[in-house]
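**Student:** Submitted below is the structure of interest, expressed as structure tokens.
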Amino acid sequence: MFTAAEAERLIFTLVSPITSSETVDVADNPIGCLGRILAVAPLSPLDFPHWDNSAMDGYAVRTADVQTVPVTLQVIEEIPAGKLPQKALAPGQAARILTGAMLPEGADAVVMQEETEREVKPGSGSQTADQQVVILRSPPPQNFVRQRGSFAQVGDALLTRGQALGPTEIALLAAAQQPSVRVYRRPRVAILSTGNELVTPHQPLQPGQIVDSNQYALTALVAQTGAIPVPLGIVPDDRAEMKRAIAAALAQADMVLSSGGVSVGDYDYVDDVLAELGATLHIRSVAVKPGKPLTVATVEGEIGNRQLYFGLPGNPASAMVGFWRFVAPAIAKLSGHLGPWLPEFVWATATADFKADGQRETYLWGQLSASETGYDFAPAAGSHSSGNLINLANTSGLGIVPQGSQQIMIGQPLRVLTIRSTR
Ligand code: AMP
Ligand code: MG
């Protein structure tokens, strides 16, 4: 039996990232681009800022003119954002300037409006001509000037290969007028539920049957990683049918997930069928609770590709814990993600005692909440049975009692694997 850390390391060595890519356009389809992973680092065709511009509403000045204050300057022009300045500043002159507007030639600083007094000559008809401004504070050179190219320059890599596109990256690609980018193809992840007892949520439930919830849990979990879920339904505990179903799944996906059928029971055929299909079984159990039966196998494809197969346990909490702990990181690597691929762990303060048998790394689901020093973590009320979906719902983290440890006491720090936003 592998420890969780050993299993995690081994799984990463089995995953080869996808290399094929496609073009997407953040301006045509920003929502569809969310979470996509860059296959090529986009280069900037522009300097950022594109030209020297003002960071404030105020007056563009020559610092040489405003060494001694107060000093009165002639206002020669008004420059709102988007307007090309028409005149260069001569000694004794200033230009009214607004945030984002281009600096006029000759100016080397901006004085914010609050540090000036505007004098309008009586009888003056024009907005700006014949007007004066009193500068009250002497600015250093480049005061409130955003200098051309100071954020990025033409040819700079704006983002990194392997980086996922989020709102800020999408904004940057739009601003750089580089909306079209190469991203990796999204991996297809096939999903099978095994078990004679399983029915769909639409079928009438007969005594003794179990509703297949894992199909939907795994579909949603795969979608959250950015991969494409390919749900393939329920497979009975029958070797021939299972073999057909797994072969069909492998034929149409980059990775296959099944749930159920990996324990030591009489109807647990997944491992046998995988062996019959020529798969290499790398892992058959991991010292975690819940989720000890976990099969990890690889199948060498005909075109030199290698597919990863995860046989997750059938119990709903076990299957999901196995996904969060081992499958999601593998999908992250497969997707071409730069990494780190590991799940997100945070440290939190236990708000109750957390107990375990010490034999396996134990995950206890509960709620993370912000505290003054970081996070608190409270276990979900009710049974932490691996068959209990009721109290797994609405939780945000898995509190971890490490292998070899039997309890984490109230007030002690514990590691928590985050499973959703803490809001
Ligand atoms: P197994 O790992 O196949 O022995 O299944 C363990 C337990 O999980 C059994 O009680 C199954 O009925 C249940 N189970 C198996 N597959 C699913 C599924 N897809 N959805 C919900 N429960 C399941
Ligand atoms: Mg079963």
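Labels used: A, B, ... for chains in the order of the structure tokens, numbers from 1 for residues in each chain, and numbers from 1 for ligands as shown.
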Might you pull out every residue within 9 Å of region 361-366 of chain A, with only C-alpha atoms counted and same-chain residues fewer than 3 positions away left off, and present them as a count of residues only?
**Tutor:** 34
**Student:** Compute the set of protein, DNA and RNA residues whose minimum atom distance to ligand 1 is at most 7 Å, using only C-alpha atoms and all ligand atoms, and state it as a list in words.
**Tutor:** Ser193, Thr194, Gly195, Glu197, Leu198, Ile210, Val211, Asp212, Ser213, Asn214, Gln215, Ser259, Gly260, Gly261, Val262, Ser263, Gly265, Asp268, Pro313, Gly314, Asn315, Pro316 and Gly387 of chain A
**Student:** Filtering to N, CA, C and O atoms, could you give me those residues as a PDB file, in the first residue's frame?
**Tutor:**
ATOM      1  N   SER A 193     -19.626   4.551 -14.144  1.00  0.00           N
ATOM      2  CA  SER A 193     -20.028   4.075 -12.814  1.00  0.00           C
ATOM      3  C   SER A 193     -20.235   2.576 -12.917  1.00  0.00           C
ATOM      4  O   SER A 193     -20.935   2.113 -13.820  1.00  0.00           O
ATOM      5  N   THR A 194     -19.638   1.819 -12.010  1.00  0.00           N
ATOM      6  CA  THR A 194     -19.806   0.364 -12.063  1.00  0.00           C
ATOM      7  C   THR A 194     -20.667  -0.104 -10.900  1.00  0.00           C
ATOM      8  O   THR A 194     -20.563   0.417  -9.797  1.00  0.00           O
ATOM      9  N   GLY A 195     -21.516  -1.065 -11.156  1.00  0.00           N
ATOM     10  CA  GLY A 195     -22.299  -1.679 -10.070  1.00  0.00           C
ATOM     11  C   GLY A 195     -23.660  -2.130 -10.545  1.00  0.00           C
ATOM     12  O   GLY A 195     -24.387  -1.360 -11.168  1.00  0.00           O
ATOM     13  N   GLU A 197     -26.087  -2.631  -8.678  1.00  0.00           N
ATOM     14  CA  GLU A 197     -27.108  -2.026  -7.822  1.00  0.00           C
ATOM     15  C   GLU A 197     -27.494  -0.612  -8.255  1.00  0.00           C
ATOM     16  O   GLU A 197     -28.402  -0.018  -7.693  1.00  0.00           O
ATOM     17  N   LEU A 198     -26.789  -0.089  -9.268  1.00  0.00           N
ATOM     18  CA  LEU A 198     -26.956   1.339  -9.566  1.00  0.00           C
ATOM     19  C   LEU A 198     -28.135   1.630 -10.491  1.00  0.00           C
ATOM     20  O   LEU A 198     -28.382   0.895 -11.449  1.00  0.00           O
ATOM     21  N   ILE A 210     -29.142   1.502  -5.401  1.00  0.00           N
ATOM     22  CA  ILE A 210     -28.402   2.719  -5.028  1.00  0.00           C
ATOM     23  C   ILE A 210     -28.448   3.654  -6.233  1.00  0.00           C
ATOM     24  O   ILE A 210     -28.271   3.197  -7.363  1.00  0.00           O
ATOM     25  N   VAL A 211     -28.674   4.913  -5.977  1.00  0.00           N
ATOM     26  CA  VAL A 211     -28.675   5.875  -7.090  1.00  0.00           C
ATOM     27  C   VAL A 211     -27.223   6.237  -7.431  1.00  0.00           C
ATOM     28  O   VAL A 211     -26.415   6.514  -6.538  1.00  0.00           O
ATOM     29  N   ASP A 212     -26.917   6.188  -8.701  1.00  0.00           N
ATOM     30  CA  ASP A 212     -25.573   6.545  -9.182  1.00  0.00           C
ATOM     31  C   ASP A 212     -25.369   8.053  -9.049  1.00  0.00           C
ATOM     32  O   ASP A 212     -25.767   8.824  -9.911  1.00  0.00           O
ATOM     33  N   SER A 213     -24.754   8.470  -7.954  1.00  0.00           N
ATOM     34  CA  SER A 213     -24.453   9.899  -7.797  1.00  0.00           C
ATOM     35  C   SER A 213     -23.039  10.213  -8.284  1.00  0.00           C
ATOM     36  O   SER A 213     -22.733  11.345  -8.659  1.00  0.00           O
ATOM     37  N   ASN A 214     -22.174   9.194  -8.291  1.00  0.00           N
ATOM     38  CA  ASN A 214     -20.775   9.458  -8.643  1.00  0.00           C
ATOM     39  C   ASN A 214     -20.617   9.999 -10.068  1.00  0.00           C
ATOM     40  O   ASN A 214     -19.740  10.817 -10.340  1.00  0.00           O
ATOM     41  N   GLN A 215     -21.473   9.510 -10.970  1.00  0.00           N
ATOM     42  CA  GLN A 215     -21.425   9.956 -12.365  1.00  0.00           C
ATOM     43  C   GLN A 215     -21.503  11.491 -12.446  1.00  0.00           C
ATOM     44  O   GLN A 215     -20.778  12.140 -13.191  1.00  0.00           O
ATOM     45  N   SER A 259     -15.866   4.539 -11.038  1.00  0.00           N
ATOM     46  CA  SER A 259     -16.056   4.413  -9.595  1.00  0.00           C
ATOM     47  C   SER A 259     -16.672   3.063  -9.308  1.00  0.00           C
ATOM     48  O   SER A 259     -17.451   2.541 -10.095  1.00  0.00           O
ATOM     49  N   GLY A 260     -16.264   2.520  -8.187  1.00  0.00           N
ATOM     50  CA  GLY A 260     -16.756   1.211  -7.751  1.00  0.00           C
ATOM     51  C   GLY A 260     -15.935   0.082  -8.349  1.00  0.00           C
ATOM     52  O   GLY A 260     -15.141   0.271  -9.290  1.00  0.00           O
ATOM     53  N   GLY A 261     -16.100  -1.088  -7.741  1.00  0.00           N
ATOM     54  CA  GLY A 261     -15.506  -2.285  -8.318  1.00  0.00           C
ATOM     55  C   GLY A 261     -14.000  -2.426  -8.155  1.00  0.00           C
ATOM     56  O   GLY A 261     -13.389  -3.194  -8.893  1.00  0.00           O
ATOM     57  N   VAL A 262     -13.389  -1.684  -7.224  1.00  0.00           N
ATOM     58  CA  VAL A 262     -11.940  -1.817  -7.041  1.00  0.00           C
ATOM     59  C   VAL A 262     -11.567  -2.366  -5.664  1.00  0.00           C
ATOM     60  O   VAL A 262     -10.395  -2.393  -5.295  1.00  0.00           O
ATOM     61  N   SER A 263     -12.586  -2.788  -4.896  1.00  0.00           N
ATOM     62  CA  SER A 263     -12.265  -3.380  -3.585  1.00  0.00           C
ATOM     63  C   SER A 263     -11.944  -4.860  -3.762  1.00  0.00           C
ATOM     64  O   SER A 263     -11.681  -5.317  -4.873  1.00  0.00           O
ATOM     65  N   GLY A 265     -14.071  -7.302  -3.048  1.00  0.00           N
ATOM     66  CA  GLY A 265     -15.318  -8.078  -3.080  1.00  0.00           C
ATOM     67  C   GLY A 265     -15.399  -8.979  -4.307  1.00  0.00           C
ATOM     68  O   GLY A 265     -14.592  -8.876  -5.246  1.00  0.00           O
ATOM     69  N   ASP A 268     -15.829  -7.182  -7.743  1.00  0.00           N
ATOM     70  CA  ASP A 268     -14.918  -6.082  -8.055  1.00  0.00           C
ATOM     71  C   ASP A 268     -13.967  -6.495  -9.175  1.00  0.00           C
ATOM     72  O   ASP A 268     -12.901  -7.056  -8.940  1.00  0.00           O
ATOM     73  N   PRO A 313     -12.904   4.374  -5.599  1.00  0.00           N
ATOM     74  CA  PRO A 313     -13.838   3.562  -4.833  1.00  0.00           C
ATOM     75  C   PRO A 313     -15.273   4.011  -5.087  1.00  0.00           C
ATOM     76  O   PRO A 313     -15.512   5.108  -5.586  1.00  0.00           O
ATOM     77  N   GLY A 314     -16.224   3.145  -4.751  1.00  0.00           N
ATOM     78  CA  GLY A 314     -17.621   3.436  -5.066  1.00  0.00           C
ATOM     79  C   GLY A 314     -18.307   4.366  -4.094  1.00  0.00           C
ATOM     80  O   GLY A 314     -19.205   5.134  -4.496  1.00  0.00           O
ATOM     81  N   ASN A 315     -17.921   4.302  -2.838  1.00  0.00           N
ATOM     82  CA  ASN A 315     -18.610   5.162  -1.878  1.00  0.00           C
ATOM     83  C   ASN A 315     -18.467   6.621  -2.279  1.00  0.00           C
ATOM     84  O   ASN A 315     -17.366   7.064  -2.632  1.00  0.00           O
ATOM     85  N   PRO A 316     -19.560   7.365  -2.228  1.00  0.00           N
ATOM     86  CA  PRO A 316     -19.524   8.728  -2.768  1.00  0.00           C
ATOM     87  C   PRO A 316     -18.442   9.621  -2.158  1.00  0.00           C
ATOM     88  O   PRO A 316     -17.726  10.305  -2.904  1.00  0.00           O
ATOM     89  N   GLY A 387     -20.058   6.807   3.059  1.00  0.00           N
ATOM     90  CA  GLY A 387     -21.296   6.726   2.293  1.00  0.00           C
ATOM     91  C   GLY A 387     -22.193   7.932   2.509  1.00  0.00           C
ATOM     92  O   GLY A 387     -23.275   8.012   1.932  1.00  0.00           O
TER      93      GLY A 387
END
**Student:** Quick one: of A:Leu389, A:Ala171, A:Val256, A:Ala328, who's nearest to Leu192 (chain A), counting only C-alpha atoms?
**Tutor:**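 Among A:Leu389, A:Ala171, A:Val256, A:Ala328, it is A:Val256 that comes nearest to Leu192 (chain A).
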**Student:** Please indicate the distance in Å from CA of Thr219 (chain A) to CA of Pro231 (chain A), rounded to one decimal place.
**Tutor:**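 Value for the CA of Thr219 (chain A)-CA of Pro231 (chain A) distance: 6.5 Å.
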**Student:** Can you pull out every residue within 8 Å of Ala220 (chain A), counting only C-alpha atoms, but drop anything in the same chain fewer than 4 positions away, and send it as number ranges by chain?
**Tutor:** A: 216, 224, 229
**Student:** Pull C-alpha atoms from the residues just selected and write them as a PDB file, in the first residue's frame.
**Tutor:**
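Wrote result37.pdb, looks like this:
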ATOM      1  CA  TYR A 216     -22.660  13.474 -11.680  1.00  0.00           C
ATOM      2  CA  GLN A 224     -14.232  22.327 -12.607  1.00  0.00           C
ATOM      3  CA  PRO A 229     -16.159  15.382 -18.984  1.00  0.00           C
TER       4      PRO A 229
END
**Student:** Identify which of the residues A:Ser54, A:Gln209, A:Ser138, A:Thr298 lies closest to ligand 2, counting only C-alpha atoms and all ligand atoms when measuring atom-to-atom distances.
**Tutor:** A:Gln209
**Student:** Please measure the separation of atom 1 (Mg, counted along the ligand's line) of ligand 2 and CA of Asn305 (chain A), giving the value in Å to one decimal.
**Tutor:** 29.6 Å
**Student:** Within 6 Å of region 10-23 of chain A, counting only C-alpha atoms, which residues show up once you throw out same-chain ones fewer than 4 positions away? Write them as a PDB file with all heavy atoms, in the first residue's frame, please.
**Tutor:**
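After the write, part.pdb holds the following:
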ATOM      1  N   VAL A 181      -5.039  33.679 -29.149  1.00  0.00           N
ATOM      2  CA  VAL A 181      -3.883  33.011 -28.536  1.00  0.00           C
ATOM      3  C   VAL A 181      -3.973  31.500 -28.739  1.00  0.00           C
ATOM      4  O   VAL A 181      -5.051  30.951 -28.955  1.00  0.00           O
ATOM      5  CB  VAL A 181      -3.772  33.307 -27.016  1.00  0.00           C
ATOM      6  CG1 VAL A 181      -3.279  34.709 -26.765  1.00  0.00           C
ATOM      7  CG2 VAL A 181      -5.103  33.064 -26.293  1.00  0.00           C
ATOM      8  N   ARG A 182      -2.815  30.843 -28.645  1.00  0.00           N
ATOM      9  CA  ARG A 182      -2.763  29.375 -28.722  1.00  0.00           C
ATOM     10  C   ARG A 182      -2.911  28.821 -27.312  1.00  0.00           C
ATOM     11  O   ARG A 182      -2.207  29.237 -26.384  1.00  0.00           O
ATOM     12  CB  ARG A 182      -1.412  28.895 -29.270  1.00  0.00           C
ATOM     13  CG  ARG A 182      -1.127  29.230 -30.704  1.00  0.00           C
ATOM     14  CD  ARG A 182      -2.078  28.623 -31.700  1.00  0.00           C
ATOM     15  NE  ARG A 182      -1.950  27.176 -31.869  1.00  0.00           N
ATOM     16  CZ  ARG A 182      -2.721  26.478 -32.716  1.00  0.00           C
ATOM     17  NH1 ARG A 182      -3.655  27.077 -33.449  1.00  0.00           N
ATOM     18  NH2 ARG A 182      -2.558  25.186 -32.825  1.00  0.00           N
ATOM     19  N   VAL A 183      -3.843  27.904 -27.161  1.00  0.00           N
ATOM     20  CA  VAL A 183      -4.034  27.228 -25.863  1.00  0.00           C
ATOM     21  C   VAL A 183      -4.015  25.715 -26.110  1.00  0.00           C
ATOM     22  O   VAL A 183      -4.285  25.259 -27.219  1.00  0.00           O
ATOM     23  CB  VAL A 183      -5.376  27.617 -25.196  1.00  0.00           C
ATOM     24  CG1 VAL A 183      -5.382  29.091 -24.810  1.00  0.00           C
ATOM     25  CG2 VAL A 183      -6.566  27.300 -26.099  1.00  0.00           C
ATOM     26  N   TYR A 184      -3.702  24.973 -25.068  1.00  0.00           N
ATOM     27  CA  TYR A 184      -3.702  23.515 -25.210  1.00  0.00           C
ATOM     28  C   TYR A 184      -5.129  23.013 -25.399  1.00  0.00           C
ATOM     29  O   TYR A 184      -6.080  23.565 -24.839  1.00  0.00           O
ATOM     30  CB  TYR A 184      -3.094  22.850 -23.976  1.00  0.00           C
ATOM     31  CG  TYR A 184      -1.608  23.086 -23.874  1.00  0.00           C
ATOM     32  CD1 TYR A 184      -1.065  23.794 -22.812  1.00  0.00           C
ATOM     33  CD2 TYR A 184      -0.740  22.612 -24.866  1.00  0.00           C
ATOM     34  CE1 TYR A 184       0.303  24.027 -22.726  1.00  0.00           C
ATOM     35  CE2 TYR A 184       0.623  22.845 -24.791  1.00  0.00           C
ATOM     36  CZ  TYR A 184       1.140  23.547 -23.726  1.00  0.00           C
ATOM     37  OH  TYR A 184       2.481  23.783 -23.660  1.00  0.00           O
ATOM     38  N   ARG A 185      -5.239  21.973 -26.177  1.00  0.00           N
ATOM     39  CA  ARG A 185      -6.505  21.251 -26.298  1.00  0.00           C
ATOM     40  C   ARG A 185      -6.917  20.783 -24.902  1.00  0.00           C
ATOM     41  O   ARG A 185      -6.077  20.387 -24.096  1.00  0.00           O
ATOM     42  CB  ARG A 185      -6.249  20.046 -27.208  1.00  0.00           C
ATOM     43  CG  ARG A 185      -7.376  19.085 -27.348  1.00  0.00           C
ATOM     44  CD  ARG A 185      -7.034  17.996 -28.354  1.00  0.00           C
ATOM     45  NE  ARG A 185      -6.076  16.991 -27.860  1.00  0.00           N
ATOM     46  CZ  ARG A 185      -6.395  16.023 -27.002  1.00  0.00           C
ATOM     47  NH1 ARG A 185      -7.608  15.919 -26.509  1.00  0.00           N
ATOM     48  NH2 ARG A 185      -5.474  15.140 -26.617  1.00  0.00           N
ATOM     49  N   LYS A 333      -1.815  18.492 -14.511  1.00  0.00           N
ATOM     50  CA  LYS A 333      -0.577  18.247 -15.266  1.00  0.00           C
ATOM     51  C   LYS A 333      -0.902  17.859 -16.710  1.00  0.00           C
ATOM     52  O   LYS A 333      -0.284  18.367 -17.648  1.00  0.00           O
ATOM     53  CB  LYS A 333       0.272  17.165 -14.600  1.00  0.00           C
ATOM     54  CG  LYS A 333       1.592  16.970 -15.348  1.00  0.00           C
ATOM     55  CD  LYS A 333       2.575  16.040 -14.684  1.00  0.00           C
ATOM     56  CE  LYS A 333       3.838  15.958 -15.563  1.00  0.00           C
ATOM     57  NZ  LYS A 333       4.750  14.901 -15.131  1.00  0.00           N
ATOM     58  N   LEU A 334      -1.869  16.985 -16.894  1.00  0.00           N
ATOM     59  CA  LEU A 334      -2.267  16.548 -18.239  1.00  0.00           C
ATOM     60  C   LEU A 334      -2.667  17.736 -19.118  1.00  0.00           C
ATOM     61  O   LEU A 334      -2.396  17.768 -20.317  1.00  0.00           O
ATOM     62  CB  LEU A 334      -3.446  15.561 -18.115  1.00  0.00           C
ATOM     63  CG  LEU A 334      -4.059  15.030 -19.407  1.00  0.00           C
ATOM     64  CD1 LEU A 334      -3.054  14.149 -20.151  1.00  0.00           C
ATOM     65  CD2 LEU A 334      -5.338  14.231 -19.118  1.00  0.00           C
ATOM     66  N   SER A 335      -3.306  18.721 -18.502  1.00  0.00           N
ATOM     67  CA  SER A 335      -3.840  19.869 -19.245  1.00  0.00           C
ATOM     68  C   SER A 335      -2.763  20.834 -19.738  1.00  0.00           C
ATOM     69  O   SER A 335      -3.067  21.772 -20.454  1.00  0.00           O
ATOM     70  CB  SER A 335      -4.804  20.657 -18.350  1.00  0.00           C
ATOM     71  OG  SER A 335      -5.829  19.819 -17.887  1.00  0.00           O
ATOM     72  N   GLY A 336      -1.529  20.626 -19.310  1.00  0.00           N
ATOM     73  CA  GLY A 336      -0.458  21.529 -19.719  1.00  0.00           C
ATOM     74  C   GLY A 336      -0.231  22.667 -18.747  1.00  0.00           C
ATOM     75  O   GLY A 336       0.531  23.598 -19.014  1.00  0.00           O
TER      76      GLY A 336
END
**Student:** Between A:Ala5, A:Ala55, A:Leu221, A:Leu165, which residue has the minimum interatomic distance to Ala39 (chain A), considering only C-alpha atoms?
**Tutor:**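 Ranked by minimum distance to Ala39 (chain A), first place goes to A:Leu165.
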**Student:** I'd like the interatomic distance between CA of Pro91 (chain A) and CA of Ser150 (chain A), to a tenth of an Å.
**Tutor:**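 So the two atoms, CA of Pro91 (chain A) and CA of Ser150 (chain A), lie 26.9 Å apart.
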